[in-house]
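Source file input23.txt; content: compact mmCIF, N, CA and C atoms.
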```
# COMPACT_ATOMS: atom_id res chain seq x y z
N MET S 1 91.09 116.08 103.81
CA MET S 1 92.46 116.04 104.30
C MET S 1 93.12 114.77 103.78
N SER S 2 94.32 114.90 103.31
CA SER S 2 94.98 113.73 102.74
C SER S 2 95.77 112.92 103.75
N LEU S 3 96.18 113.51 104.86
CA LEU S 3 96.95 112.79 105.86
C LEU S 3 96.28 112.93 107.23
N ASP S 4 96.36 111.87 108.02
CA ASP S 4 95.90 111.91 109.41
C ASP S 4 97.09 112.33 110.26
N VAL S 5 97.24 113.63 110.43
CA VAL S 5 98.40 114.18 111.13
C VAL S 5 98.15 114.16 112.64
N SER S 6 99.07 113.57 113.35
CA SER S 6 98.95 113.50 114.82
C SER S 6 99.20 114.88 115.41
N PRO S 7 98.67 115.12 116.61
CA PRO S 7 98.95 116.40 117.28
C PRO S 7 100.44 116.65 117.46
N ALA S 8 101.21 115.59 117.74
CA ALA S 8 102.65 115.74 117.93
C ALA S 8 103.34 116.18 116.64
N LEU S 9 102.94 115.59 115.52
CA LEU S 9 103.54 115.97 114.23
C LEU S 9 103.15 117.39 113.85
N LEU S 10 101.92 117.74 114.11
CA LEU S 10 101.47 119.11 113.85
C LEU S 10 102.25 120.10 114.71
N GLU S 11 102.48 119.75 115.95
CA GLU S 11 103.25 120.62 116.86
C GLU S 11 104.68 120.80 116.34
N GLN S 12 105.27 119.71 115.85
CA GLN S 12 106.61 119.82 115.25
C GLN S 12 106.61 120.83 114.12
N ALA S 13 105.62 120.70 113.23
CA ALA S 13 105.55 121.59 112.07
C ALA S 13 105.37 123.04 112.50
N GLU S 14 104.58 123.25 113.53
CA GLU S 14 104.36 124.62 114.02
C GLU S 14 105.62 125.20 114.64
N ARG S 15 106.47 124.35 115.22
CA ARG S 15 107.73 124.81 115.82
C ARG S 15 108.82 125.02 114.79
N GLY S 16 108.72 124.37 113.65
CA GLY S 16 109.78 124.49 112.65
C GLY S 16 109.88 123.25 111.81
N GLU S 17 111.00 122.58 111.88
CA GLU S 17 111.24 121.40 111.05
C GLU S 17 110.48 120.18 111.54
N VAL S 18 110.12 119.33 110.59
CA VAL S 18 109.43 118.08 110.88
C VAL S 18 110.40 116.93 110.67
N ASP S 19 110.41 116.00 111.60
CA ASP S 19 111.24 114.81 111.46
C ASP S 19 110.70 113.99 110.29
N GLU S 20 111.53 113.78 109.28
CA GLU S 20 111.05 113.11 108.07
C GLU S 20 110.60 111.67 108.34
N ALA S 21 111.25 110.98 109.25
CA ALA S 21 110.84 109.60 109.55
C ALA S 21 109.41 109.59 110.13
N GLU S 22 109.10 110.58 110.95
CA GLU S 22 107.74 110.67 111.50
C GLU S 22 106.74 111.05 110.41
N PHE S 23 107.16 111.90 109.48
CA PHE S 23 106.29 112.25 108.37
C PHE S 23 106.03 111.01 107.50
N VAL S 24 107.07 110.26 107.21
CA VAL S 24 106.92 109.04 106.40
C VAL S 24 105.98 108.06 107.10
N ASP S 25 106.09 107.95 108.42
CA ASP S 25 105.19 107.07 109.14
C ASP S 25 103.74 107.56 109.05
N CYS S 26 103.56 108.87 109.07
CA CYS S 26 102.23 109.46 108.90
C CYS S 26 101.67 109.10 107.52
N VAL S 27 102.50 109.17 106.50
CA VAL S 27 102.08 108.79 105.15
C VAL S 27 101.71 107.30 105.12
N ARG S 28 102.54 106.47 105.73
CA ARG S 28 102.29 105.02 105.75
C ARG S 28 100.94 104.70 106.37
N THR S 29 100.62 105.34 107.49
CA THR S 29 99.37 105.02 108.17
C THR S 29 98.16 105.73 107.54
N SER S 30 98.37 106.88 106.93
CA SER S 30 97.27 107.64 106.33
C SER S 30 96.88 107.15 104.95
N LEU S 31 97.85 106.67 104.19
CA LEU S 31 97.63 106.25 102.80
C LEU S 31 98.11 104.81 102.61
N PRO S 32 97.47 103.86 103.28
CA PRO S 32 97.98 102.48 103.25
C PRO S 32 97.99 101.84 101.87
N TYR S 33 97.02 102.14 101.04
CA TYR S 33 97.02 101.55 99.69
C TYR S 33 98.22 102.08 98.90
N ALA S 34 98.43 103.37 98.92
CA ALA S 34 99.56 103.96 98.19
C ALA S 34 100.88 103.43 98.74
N TRP S 35 100.98 103.34 100.07
CA TRP S 35 102.20 102.83 100.70
C TRP S 35 102.48 101.40 100.23
N GLU S 36 101.45 100.56 100.26
CA GLU S 36 101.63 99.17 99.85
C GLU S 36 102.00 99.07 98.38
N MET S 37 101.40 99.92 97.55
CA MET S 37 101.73 99.92 96.12
C MET S 37 103.21 100.22 95.92
N VAL S 38 103.69 101.28 96.52
CA VAL S 38 105.09 101.67 96.36
C VAL S 38 105.99 100.60 96.98
N SER S 39 105.66 100.14 98.17
CA SER S 39 106.47 99.11 98.84
C SER S 39 106.59 97.85 97.99
N SER S 40 105.48 97.41 97.42
CA SER S 40 105.52 96.17 96.63
C SER S 40 106.31 96.37 95.34
N LEU S 41 106.22 97.54 94.75
CA LEU S 41 106.99 97.80 93.54
C LEU S 41 108.49 97.87 93.85
N VAL S 42 108.84 98.45 94.98
CA VAL S 42 110.25 98.50 95.39
C VAL S 42 110.77 97.07 95.60
N ALA S 43 109.97 96.24 96.27
CA ALA S 43 110.37 94.84 96.48
C ALA S 43 110.50 94.11 95.15
N GLN S 44 109.56 94.34 94.25
CA GLN S 44 109.62 93.70 92.92
C GLN S 44 110.87 94.13 92.17
N LEU S 45 111.21 95.41 92.23
CA LEU S 45 112.41 95.91 91.56
C LEU S 45 113.66 95.24 92.12
N LYS S 46 113.70 95.08 93.45
CA LYS S 46 114.87 94.44 94.07
C LYS S 46 114.98 92.97 93.67
N VAL S 47 113.87 92.27 93.60
CA VAL S 47 113.88 90.85 93.26
C VAL S 47 114.16 90.63 91.78
N ASP S 48 113.42 91.37 90.94
CA ASP S 48 113.52 91.16 89.49
C ASP S 48 114.69 91.88 88.85
N GLY S 49 115.17 92.93 89.49
CA GLY S 49 116.21 93.75 88.86
C GLY S 49 115.60 94.52 87.70
N GLY S 50 116.39 94.90 86.77
CA GLY S 50 115.88 95.62 85.61
C GLY S 50 115.86 97.12 85.85
N ALA S 51 115.32 97.81 84.86
CA ALA S 51 115.33 99.27 84.88
C ALA S 51 114.22 99.85 85.74
N PHE S 52 113.08 99.15 85.85
CA PHE S 52 111.98 99.65 86.67
C PHE S 52 110.97 98.55 86.94
N ALA S 53 110.10 98.83 87.89
CA ALA S 53 108.95 97.96 88.18
C ALA S 53 107.73 98.87 88.17
N ASP S 54 106.65 98.39 87.56
CA ASP S 54 105.45 99.23 87.49
C ASP S 54 104.18 98.44 87.73
N ASN S 55 103.15 99.17 88.07
CA ASN S 55 101.82 98.62 88.30
C ASN S 55 100.91 99.02 87.15
N GLN S 56 100.15 98.06 86.64
CA GLN S 56 99.20 98.38 85.58
C GLN S 56 97.79 97.94 85.94
N THR S 57 97.57 97.61 87.21
CA THR S 57 96.26 97.19 87.67
C THR S 57 95.56 98.36 88.35
N PRO S 58 94.37 98.71 87.89
CA PRO S 58 93.65 99.82 88.52
C PRO S 58 93.38 99.56 90.00
N PRO S 59 93.31 100.61 90.81
CA PRO S 59 92.97 100.45 92.22
C PRO S 59 91.59 99.80 92.37
N PRO S 60 91.35 99.11 93.49
CA PRO S 60 90.10 98.40 93.67
C PRO S 60 88.87 99.29 93.87
N ASP S 61 89.10 100.53 94.32
CA ASP S 61 87.97 101.43 94.57
C ASP S 61 88.45 102.87 94.56
N GLU S 62 87.51 103.78 94.69
CA GLU S 62 87.84 105.21 94.63
C GLU S 62 88.68 105.66 95.80
N GLN S 63 88.49 105.07 96.97
CA GLN S 63 89.31 105.44 98.12
C GLN S 63 90.78 105.12 97.85
N ALA S 64 91.04 103.94 97.32
CA ALA S 64 92.42 103.55 96.99
C ALA S 64 92.99 104.46 95.91
N ARG S 65 92.19 104.74 94.89
CA ARG S 65 92.63 105.63 93.82
C ARG S 65 92.99 107.01 94.38
N GLY S 66 92.16 107.51 95.28
CA GLY S 66 92.43 108.80 95.90
C GLY S 66 93.72 108.81 96.69
N GLN S 67 94.00 107.72 97.39
CA GLN S 67 95.26 107.64 98.14
C GLN S 67 96.45 107.71 97.20
N LEU S 68 96.37 106.98 96.11
CA LEU S 68 97.47 106.96 95.15
C LEU S 68 97.67 108.35 94.55
N LEU S 69 96.59 108.99 94.18
CA LEU S 69 96.69 110.34 93.61
C LEU S 69 97.27 111.32 94.62
N ARG S 70 96.81 111.26 95.87
CA ARG S 70 97.33 112.18 96.88
C ARG S 70 98.82 111.95 97.13
N ALA S 71 99.22 110.70 97.19
CA ALA S 71 100.63 110.41 97.46
C ALA S 71 101.54 110.90 96.34
N LEU S 72 101.10 110.73 95.10
CA LEU S 72 101.98 111.07 93.99
C LEU S 72 101.82 112.49 93.49
N ALA S 73 100.72 113.14 93.84
CA ALA S 73 100.52 114.53 93.41
C ALA S 73 101.18 115.52 94.37
N SER S 74 101.46 115.10 95.57
CA SER S 74 102.10 115.98 96.55
C SER S 74 103.61 115.88 96.43
N ASP S 75 104.25 117.00 96.14
CA ASP S 75 105.72 116.99 96.04
C ASP S 75 106.36 116.53 97.34
N ALA S 76 105.81 116.97 98.49
CA ALA S 76 106.39 116.60 99.78
C ALA S 76 106.26 115.11 100.04
N ILE S 77 105.07 114.55 99.80
CA ILE S 77 104.86 113.13 100.05
C ILE S 77 105.69 112.30 99.08
N ARG S 78 105.62 112.66 97.82
CA ARG S 78 106.36 111.91 96.80
C ARG S 78 107.86 111.94 97.08
N GLY S 79 108.37 113.12 97.42
CA GLY S 79 109.79 113.24 97.73
C GLY S 79 110.20 112.43 98.95
N ALA S 80 109.36 112.44 99.98
CA ALA S 80 109.66 111.66 101.19
C ALA S 80 109.66 110.17 100.88
N LEU S 81 108.70 109.72 100.07
CA LEU S 81 108.66 108.31 99.67
C LEU S 81 109.91 107.94 98.87
N GLN S 82 110.30 108.79 97.95
CA GLN S 82 111.49 108.50 97.14
C GLN S 82 112.73 108.39 98.03
N ARG S 83 112.88 109.33 98.97
CA ARG S 83 114.05 109.28 99.86
C ARG S 83 113.99 108.05 100.78
N HIS S 84 112.82 107.75 101.30
CA HIS S 84 112.67 106.61 102.21
C HIS S 84 113.01 105.29 101.52
N PHE S 85 112.49 105.10 100.33
CA PHE S 85 112.70 103.83 99.62
C PHE S 85 113.94 103.84 98.74
N GLY S 86 114.56 104.99 98.53
CA GLY S 86 115.76 105.06 97.69
C GLY S 86 115.48 104.80 96.23
N VAL S 87 114.36 105.33 95.73
CA VAL S 87 113.96 105.14 94.33
C VAL S 87 113.46 106.47 93.77
N ARG S 88 113.22 106.45 92.46
CA ARG S 88 112.53 107.55 91.80
C ARG S 88 111.16 107.03 91.40
N LEU S 89 110.14 107.82 91.65
CA LEU S 89 108.77 107.44 91.32
C LEU S 89 108.33 108.13 90.04
N ALA S 90 107.60 107.42 89.23
CA ALA S 90 107.00 107.98 88.02
C ALA S 90 105.53 107.60 88.02
N PHE S 91 104.71 108.45 87.41
CA PHE S 91 103.26 108.27 87.48
C PHE S 91 102.66 108.69 86.15
N GLN S 92 101.87 107.81 85.54
CA GLN S 92 101.29 108.13 84.24
C GLN S 92 99.81 108.41 84.27
N ASN S 93 99.04 107.68 85.04
CA ASN S 93 97.60 107.93 85.09
C ASN S 93 97.09 107.54 86.46
N CYS S 94 95.82 107.26 86.56
CA CYS S 94 95.21 107.01 87.86
C CYS S 94 95.76 105.79 88.59
N HIS S 95 96.59 105.00 87.95
CA HIS S 95 97.11 103.83 88.63
C HIS S 95 98.51 103.40 88.17
N ARG S 96 98.98 103.85 87.06
CA ARG S 96 100.26 103.35 86.55
C ARG S 96 101.41 104.08 87.23
N VAL S 97 101.91 103.43 88.25
CA VAL S 97 103.02 103.93 89.04
C VAL S 97 104.23 103.06 88.72
N ALA S 98 105.38 103.68 88.66
CA ALA S 98 106.62 102.92 88.44
C ALA S 98 107.68 103.40 89.42
N VAL S 99 108.54 102.48 89.81
CA VAL S 99 109.71 102.83 90.61
C VAL S 99 110.95 102.53 89.79
N PHE S 100 111.87 103.47 89.82
CA PHE S 100 113.14 103.37 89.12
C PHE S 100 114.26 103.50 90.14
N PRO S 101 115.34 102.75 89.97
CA PRO S 101 116.46 102.94 90.88
C PRO S 101 117.06 104.34 90.71
N VAL S 102 117.71 104.80 91.75
CA VAL S 102 118.43 106.07 91.66
C VAL S 102 119.79 105.74 91.06
N ASP S 103 119.80 105.63 89.76
CA ASP S 103 120.97 105.18 89.03
C ASP S 103 120.91 105.80 87.64
N SER S 104 121.93 106.50 87.26
CA SER S 104 121.90 107.19 85.97
C SER S 104 121.81 106.23 84.78
N SER S 105 122.08 104.95 84.99
CA SER S 105 122.00 104.00 83.88
C SER S 105 120.57 103.79 83.39
N VAL S 106 119.57 104.18 84.18
CA VAL S 106 118.17 104.01 83.76
C VAL S 106 117.52 105.34 83.38
N ASP S 107 118.31 106.40 83.32
CA ASP S 107 117.76 107.72 83.00
C ASP S 107 117.00 107.73 81.68
N GLU S 108 117.52 107.03 80.68
CA GLU S 108 116.84 107.01 79.37
C GLU S 108 115.48 106.31 79.47
N LYS S 109 115.42 105.21 80.21
CA LYS S 109 114.14 104.49 80.38
C LYS S 109 113.15 105.33 81.18
N LEU S 110 113.62 106.03 82.20
CA LEU S 110 112.76 106.93 82.97
C LEU S 110 112.24 108.05 82.08
N ALA S 111 113.11 108.62 81.26
CA ALA S 111 112.70 109.69 80.35
C ALA S 111 111.65 109.19 79.36
N ARG S 112 111.82 107.96 78.88
CA ARG S 112 110.81 107.38 77.97
C ARG S 112 109.49 107.16 78.69
N PHE S 113 109.54 106.63 79.91
CA PHE S 113 108.33 106.35 80.67
C PHE S 113 107.54 107.63 80.96
N THR S 114 108.26 108.71 81.23
CA THR S 114 107.60 109.98 81.59
C THR S 114 107.43 110.92 80.40
N SER S 115 107.68 110.44 79.20
CA SER S 115 107.58 111.29 78.02
C SER S 115 106.12 111.56 77.64
N VAL S 116 105.92 112.60 76.87
CA VAL S 116 104.60 112.92 76.34
C VAL S 116 104.11 111.75 75.49
N ARG S 117 104.97 111.17 74.70
CA ARG S 117 104.59 110.04 73.85
C ARG S 117 104.05 108.88 74.69
N SER S 118 104.77 108.51 75.74
CA SER S 118 104.31 107.42 76.60
C SER S 118 103.00 107.76 77.28
N GLN S 119 102.85 109.01 77.67
CA GLN S 119 101.59 109.42 78.30
C GLN S 119 100.42 109.22 77.33
N VAL S 120 100.61 109.65 76.10
CA VAL S 120 99.55 109.51 75.09
C VAL S 120 99.26 108.03 74.81
N LEU S 121 100.30 107.23 74.67
CA LEU S 121 100.12 105.82 74.37
C LEU S 121 99.48 105.04 75.51
N ASN S 122 99.58 105.57 76.72
CA ASN S 122 99.04 104.88 77.89
C ASN S 122 97.59 105.29 78.20
N GLN S 123 96.94 105.98 77.30
CA GLN S 123 95.56 106.40 77.52
C GLN S 123 94.59 105.39 76.93
N SER S 124 93.43 105.33 77.52
CA SER S 124 92.35 104.49 77.00
C SER S 124 91.04 105.06 77.51
N PRO S 125 89.95 104.81 76.80
CA PRO S 125 88.65 105.38 77.19
C PRO S 125 88.23 105.02 78.62
N GLU S 126 88.55 103.81 79.10
CA GLU S 126 88.12 103.44 80.45
C GLU S 126 88.82 104.23 81.54
N PHE S 127 89.92 104.90 81.21
CA PHE S 127 90.62 105.71 82.20
C PHE S 127 90.28 107.19 82.09
N ARG S 128 89.36 107.54 81.22
CA ARG S 128 89.02 108.94 80.99
C ARG S 128 88.62 109.65 82.28
N ASP S 129 87.82 108.99 83.13
CA ASP S 129 87.32 109.62 84.35
C ASP S 129 87.97 109.08 85.62
N CYS S 130 89.12 108.49 85.49
CA CYS S 130 89.72 107.91 86.70
C CYS S 130 90.39 108.99 87.52
```
Now, as a test, write the supplied structure out as structure tokens.
Amino acid sequence: MSLDVSPALLEQAERGEVDEAEFVDCVRTSLPYAWEMVSSLVAQLKVDGGAFADNQTPPPDEQARGQLLRALASDAIRGALQRHFGVRLAFQNCHRVAVFPVDSSVDEKLARFTSVRSQVLNQSPEFRDC
């Protein structure tokens, strides 16, 4: 299971709509490494400015790597994180996460970051099994 869903949140889902703030809090507590990664990148983007902020340091262990993969592979989690932080998330491999502002002026840089070319250039043998 990727999230530690509380009985109250599960009950909400069974009744119909889920409060997104409660879902985001569930993500924060269930996937703390992924949450901290995105939070720190958002803070870095705000401080440094620029078109994006990204992480190039591999996670410290498989548990952390799994959290990052679960957060970014799930459309619901990824979308909730993007709305909560007001950014667009991009993901290239087992650890290279980037945050982009929701601003059309960086669309070209986002397109380059998420391009097939960038994906190929960002590969290396040590990441083959990550």
To one decimal place, how far is atom CA of S:Ser2 from atom C of S:Ala111 in Å?
29.1 Å
Would you please work out which residue, of S:Gly86, S:Val42, S:Tyr33, S:Val5, is nearest to S:Asp54 when using only C-alpha atoms?
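Looking at the shortest contact to S:Asp54, the residue is S:Val42.
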Using the chain letters and numbers from this document, which residues of stretch 17-79 of chain S does DSSP assign to helix (DSSP H, G or I), as a PDB file with N, CA and C atoms, in the frame of the given file?
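Once written, states_21.pdb looks like this:
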```
ATOM      1  N   GLU S  20     111.530 113.780 109.280  1.00  0.00           N
ATOM      2  CA  GLU S  20     111.050 113.110 108.070  1.00  0.00           C
ATOM      3  C   GLU S  20     110.600 111.670 108.340  1.00  0.00           C
ATOM      4  N   ALA S  21     111.250 110.980 109.250  1.00  0.00           N
ATOM      5  CA  ALA S  21     110.840 109.600 109.550  1.00  0.00           C
ATOM      6  C   ALA S  21     109.410 109.590 110.130  1.00  0.00           C
ATOM      7  N   GLU S  22     109.100 110.580 110.950  1.00  0.00           N
ATOM      8  CA  GLU S  22     107.740 110.670 111.500  1.00  0.00           C
ATOM      9  C   GLU S  22     106.740 111.050 110.410  1.00  0.00           C
ATOM     10  N   PHE S  23     107.160 111.900 109.480  1.00  0.00           N
ATOM     11  CA  PHE S  23     106.290 112.250 108.370  1.00  0.00           C
ATOM     12  C   PHE S  23     106.030 111.010 107.500  1.00  0.00           C
ATOM     13  N   VAL S  24     107.070 110.260 107.210  1.00  0.00           N
ATOM     14  CA  VAL S  24     106.920 109.040 106.400  1.00  0.00           C
ATOM     15  C   VAL S  24     105.980 108.060 107.100  1.00  0.00           C
ATOM     16  N   ASP S  25     106.090 107.950 108.420  1.00  0.00           N
ATOM     17  CA  ASP S  25     105.190 107.070 109.140  1.00  0.00           C
ATOM     18  C   ASP S  25     103.740 107.560 109.050  1.00  0.00           C
ATOM     19  N   CYS S  26     103.560 108.870 109.070  1.00  0.00           N
ATOM     20  CA  CYS S  26     102.230 109.460 108.900  1.00  0.00           C
ATOM     21  C   CYS S  26     101.670 109.100 107.520  1.00  0.00           C
ATOM     22  N   VAL S  27     102.500 109.170 106.500  1.00  0.00           N
ATOM     23  CA  VAL S  27     102.080 108.790 105.150  1.00  0.00           C
ATOM     24  C   VAL S  27     101.710 107.300 105.120  1.00  0.00           C
ATOM     25  N   ARG S  28     102.540 106.470 105.730  1.00  0.00           N
ATOM     26  CA  ARG S  28     102.290 105.020 105.750  1.00  0.00           C
ATOM     27  C   ARG S  28     100.940 104.700 106.370  1.00  0.00           C
ATOM     28  N   THR S  29     100.620 105.340 107.490  1.00  0.00           N
ATOM     29  CA  THR S  29      99.370 105.020 108.170  1.00  0.00           C
ATOM     30  C   THR S  29      98.160 105.730 107.540  1.00  0.00           C
ATOM     31  N   SER S  30      98.370 106.880 106.930  1.00  0.00           N
ATOM     32  CA  SER S  30      97.270 107.640 106.330  1.00  0.00           C
ATOM     33  C   SER S  30      96.880 107.150 104.950  1.00  0.00           C
ATOM     34  N   PRO S  32      97.470 103.860 103.280  1.00  0.00           N
ATOM     35  CA  PRO S  32      97.980 102.480 103.250  1.00  0.00           C
ATOM     36  C   PRO S  32      97.990 101.840 101.870  1.00  0.00           C
ATOM     37  N   TYR S  33      97.020 102.140 101.040  1.00  0.00           N
ATOM     38  CA  TYR S  33      97.020 101.550  99.690  1.00  0.00           C
ATOM     39  C   TYR S  33      98.220 102.080  98.900  1.00  0.00           C
ATOM     40  N   ALA S  34      98.430 103.370  98.920  1.00  0.00           N
ATOM     41  CA  ALA S  34      99.560 103.960  98.190  1.00  0.00           C
ATOM     42  C   ALA S  34     100.880 103.430  98.740  1.00  0.00           C
ATOM     43  N   TRP S  35     100.980 103.340 100.070  1.00  0.00           N
ATOM     44  CA  TRP S  35     102.200 102.830 100.700  1.00  0.00           C
ATOM     45  C   TRP S  35     102.480 101.400 100.230  1.00  0.00           C
ATOM     46  N   GLU S  36     101.450 100.560 100.260  1.00  0.00           N
ATOM     47  CA  GLU S  36     101.630  99.170  99.850  1.00  0.00           C
ATOM     48  C   GLU S  36     102.000  99.070  98.380  1.00  0.00           C
ATOM     49  N   MET S  37     101.400  99.920  97.550  1.00  0.00           N
ATOM     50  CA  MET S  37     101.730  99.920  96.120  1.00  0.00           C
ATOM     51  C   MET S  37     103.210 100.220  95.920  1.00  0.00           C
ATOM     52  N   VAL S  38     103.690 101.280  96.520  1.00  0.00           N
ATOM     53  CA  VAL S  38     105.090 101.670  96.360  1.00  0.00           C
ATOM     54  C   VAL S  38     105.990 100.600  96.980  1.00  0.00           C
ATOM     55  N   SER S  39     105.660 100.140  98.170  1.00  0.00           N
ATOM     56  CA  SER S  39     106.470  99.110  98.840  1.00  0.00           C
ATOM     57  C   SER S  39     106.590  97.850  97.990  1.00  0.00           C
ATOM     58  N   SER S  40     105.480  97.410  97.420  1.00  0.00           N
ATOM     59  CA  SER S  40     105.520  96.170  96.630  1.00  0.00           C
ATOM     60  C   SER S  40     106.310  96.370  95.340  1.00  0.00           C
ATOM     61  N   LEU S  41     106.220  97.540  94.750  1.00  0.00           N
ATOM     62  CA  LEU S  41     106.990  97.800  93.540  1.00  0.00           C
ATOM     63  C   LEU S  41     108.490  97.870  93.850  1.00  0.00           C
ATOM     64  N   VAL S  42     108.840  98.450  94.980  1.00  0.00           N
ATOM     65  CA  VAL S  42     110.250  98.500  95.390  1.00  0.00           C
ATOM     66  C   VAL S  42     110.770  97.070  95.600  1.00  0.00           C
ATOM     67  N   ALA S  43     109.970  96.240  96.270  1.00  0.00           N
ATOM     68  CA  ALA S  43     110.370  94.840  96.480  1.00  0.00           C
ATOM     69  C   ALA S  43     110.500  94.110  95.150  1.00  0.00           C
ATOM     70  N   GLN S  44     109.560  94.340  94.250  1.00  0.00           N
ATOM     71  CA  GLN S  44     109.620  93.700  92.920  1.00  0.00           C
ATOM     72  C   GLN S  44     110.870  94.130  92.170  1.00  0.00           C
ATOM     73  N   LEU S  45     111.210  95.410  92.230  1.00  0.00           N
ATOM     74  CA  LEU S  45     112.410  95.910  91.560  1.00  0.00           C
ATOM     75  C   LEU S  45     113.660  95.240  92.120  1.00  0.00           C
ATOM     76  N   LYS S  46     113.700  95.080  93.450  1.00  0.00           N
ATOM     77  CA  LYS S  46     114.870  94.440  94.070  1.00  0.00           C
ATOM     78  C   LYS S  46     114.980  92.970  93.670  1.00  0.00           C
ATOM     79  N   VAL S  47     113.870  92.270  93.600  1.00  0.00           N
ATOM     80  CA  VAL S  47     113.880  90.850  93.260  1.00  0.00           C
ATOM     81  C   VAL S  47     114.160  90.630  91.780  1.00  0.00           C
ATOM     82  N   ASP S  48     113.420  91.370  90.940  1.00  0.00           N
ATOM     83  CA  ASP S  48     113.520  91.160  89.490  1.00  0.00           C
ATOM     84  C   ASP S  48     114.690  91.880  88.850  1.00  0.00           C
ATOM     85  N   GLU S  62      87.510 103.780  94.690  1.00  0.00           N
ATOM     86  CA  GLU S  62      87.840 105.210  94.630  1.00  0.00           C
ATOM     87  C   GLU S  62      88.680 105.660  95.800  1.00  0.00           C
ATOM     88  N   GLN S  63      88.490 105.070  96.970  1.00  0.00           N
ATOM     89  CA  GLN S  63      89.310 105.440  98.120  1.00  0.00           C
ATOM     90  C   GLN S  63      90.780 105.120  97.850  1.00  0.00           C
ATOM     91  N   ALA S  64      91.040 103.940  97.320  1.00  0.00           N
ATOM     92  CA  ALA S  64      92.420 103.550  96.990  1.00  0.00           C
ATOM     93  C   ALA S  64      92.990 104.460  95.910  1.00  0.00           C
ATOM     94  N   ARG S  65      92.190 104.740  94.890  1.00  0.00           N
ATOM     95  CA  ARG S  65      92.630 105.630  93.820  1.00  0.00           C
ATOM     96  C   ARG S  65      92.990 107.010  94.380  1.00  0.00           C
ATOM     97  N   GLY S  66      92.160 107.510  95.280  1.00  0.00           N
ATOM     98  CA  GLY S  66      92.430 108.800  95.900  1.00  0.00           C
ATOM     99  C   GLY S  66      93.720 108.810  96.690  1.00  0.00           C
ATOM    100  N   GLN S  67      94.000 107.720  97.390  1.00  0.00           N
ATOM    101  CA  GLN S  67      95.260 107.640  98.140  1.00  0.00           C
ATOM    102  C   GLN S  67      96.450 107.710  97.200  1.00  0.00           C
ATOM    103  N   LEU S  68      96.370 106.980  96.110  1.00  0.00           N
ATOM    104  CA  LEU S  68      97.470 106.960  95.150  1.00  0.00           C
ATOM    105  C   LEU S  68      97.670 108.350  94.550  1.00  0.00           C
ATOM    106  N   LEU S  69      96.590 108.990  94.180  1.00  0.00           N
ATOM    107  CA  LEU S  69      96.690 110.340  93.610  1.00  0.00           C
ATOM    108  C   LEU S  69      97.270 111.320  94.620  1.00  0.00           C
ATOM    109  N   ARG S  70      96.810 111.260  95.870  1.00  0.00           N
ATOM    110  CA  ARG S  70      97.330 112.180  96.880  1.00  0.00           C
ATOM    111  C   ARG S  70      98.820 111.950  97.130  1.00  0.00           C
ATOM    112  N   ALA S  71      99.220 110.700  97.190  1.00  0.00           N
ATOM    113  CA  ALA S  71     100.630 110.410  97.460  1.00  0.00           C
ATOM    114  C   ALA S  71     101.540 110.900  96.340  1.00  0.00           C
ATOM    115  N   LEU S  72     101.100 110.730  95.100  1.00  0.00           N
ATOM    116  CA  LEU S  72     101.980 111.070  93.990  1.00  0.00           C
ATOM    117  C   LEU S  72     101.820 112.490  93.490  1.00  0.00           C
ATOM    118  N   ALA S  73     100.720 113.140  93.840  1.00  0.00           N
ATOM    119  CA  ALA S  73     100.520 114.530  93.410  1.00  0.00           C
ATOM    120  C   ALA S  73     101.180 115.520  94.370  1.00  0.00           C
ATOM    121  N   ASP S  75     104.250 117.000  96.140  1.00  0.00           N
ATOM    122  CA  ASP S  75     105.720 116.990  96.040  1.00  0.00           C
ATOM    123  C   ASP S  75     106.360 116.530  97.340  1.00  0.00           C
ATOM    124  N   ALA S  76     105.810 116.970  98.490  1.00  0.00           N
ATOM    125  CA  ALA S  76     106.390 116.600  99.780  1.00  0.00           C
ATOM    126  C   ALA S  76     106.260 115.110 100.040  1.00  0.00           C
ATOM    127  N   ILE S  77     105.070 114.550  99.800  1.00  0.00           N
ATOM    128  CA  ILE S  77     104.860 113.130 100.050  1.00  0.00           C
ATOM    129  C   ILE S  77     105.690 112.300  99.080  1.00  0.00           C
ATOM    130  N   ARG S  78     105.620 112.660  97.820  1.00  0.00           N
ATOM    131  CA  ARG S  78     106.360 111.910  96.800  1.00  0.00           C
ATOM    132  C   ARG S  78     107.860 111.940  97.080  1.00  0.00           C
ATOM    133  N   GLY S  79     108.370 113.120  97.420  1.00  0.00           N
ATOM    134  CA  GLY S  79     109.790 113.240  97.730  1.00  0.00           C
ATOM    135  C   GLY S  79     110.200 112.430  98.950  1.00  0.00           C
TER     136      GLY S  79
END
```
Just list the residues in chain S DSSP gives strand (DSSP E) on the backbone, as an MDAnalysis selection string.
chainID S and resid 53:54 87:91 97:101
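Atom CA of S:Val87 to atom C of S:Gln56 spans 19.6 Å [interatomic distance, one decimal].
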Proximity to S:Asp19 - best of S:Leu45, S:Asp103, S:Arg88, S:Ala80, only C-alpha atoms
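Closest residue, counting only C-alpha atoms: S:Ala80.
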Residues at most 9 Å from S:Val38, counting only C-alpha atoms, excluding those fewer than 5 positions away in the same chain, as a ChimeraX atom specification?
/S:33,43,81,85,89,97-99
Take the selection from the previous step and output its residues with N, CA and C atoms, as a CSV table (one decimal), in the coordinates of the input.
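What follows is the written file result27.csv:
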```csv
chain,number,residue,atom,x,y,z
S,33,TYR,N,97.0,102.1,101.0
S,33,TYR,CA,97.0,101.6,99.7
S,33,TYR,C,98.2,102.1,98.9
S,43,ALA,N,110.0,96.2,96.3
S,43,ALA,CA,110.4,94.8,96.5
S,43,ALA,C,110.5,94.1,95.2
S,81,LEU,N,108.7,109.7,100.1
S,81,LEU,CA,108.7,108.3,99.7
S,81,LEU,C,109.9,107.9,98.9
S,85,PHE,N,112.5,105.1,100.3
S,85,PHE,CA,112.7,103.8,99.6
S,85,PHE,C,113.9,103.8,98.7
S,89,LEU,N,110.1,107.8,91.6
S,89,LEU,CA,108.8,107.4,91.3
S,89,LEU,C,108.3,108.1,90.0
S,97,VAL,N,101.9,103.4,88.2
S,97,VAL,CA,103.0,103.9,89.0
S,97,VAL,C,104.2,103.1,88.7
S,98,ALA,N,105.4,103.7,88.7
S,98,ALA,CA,106.6,102.9,88.4
S,98,ALA,C,107.7,103.4,89.4
S,99,VAL,N,108.5,102.5,89.8
S,99,VAL,CA,109.7,102.8,90.6
S,99,VAL,C,111.0,102.5,89.8
```
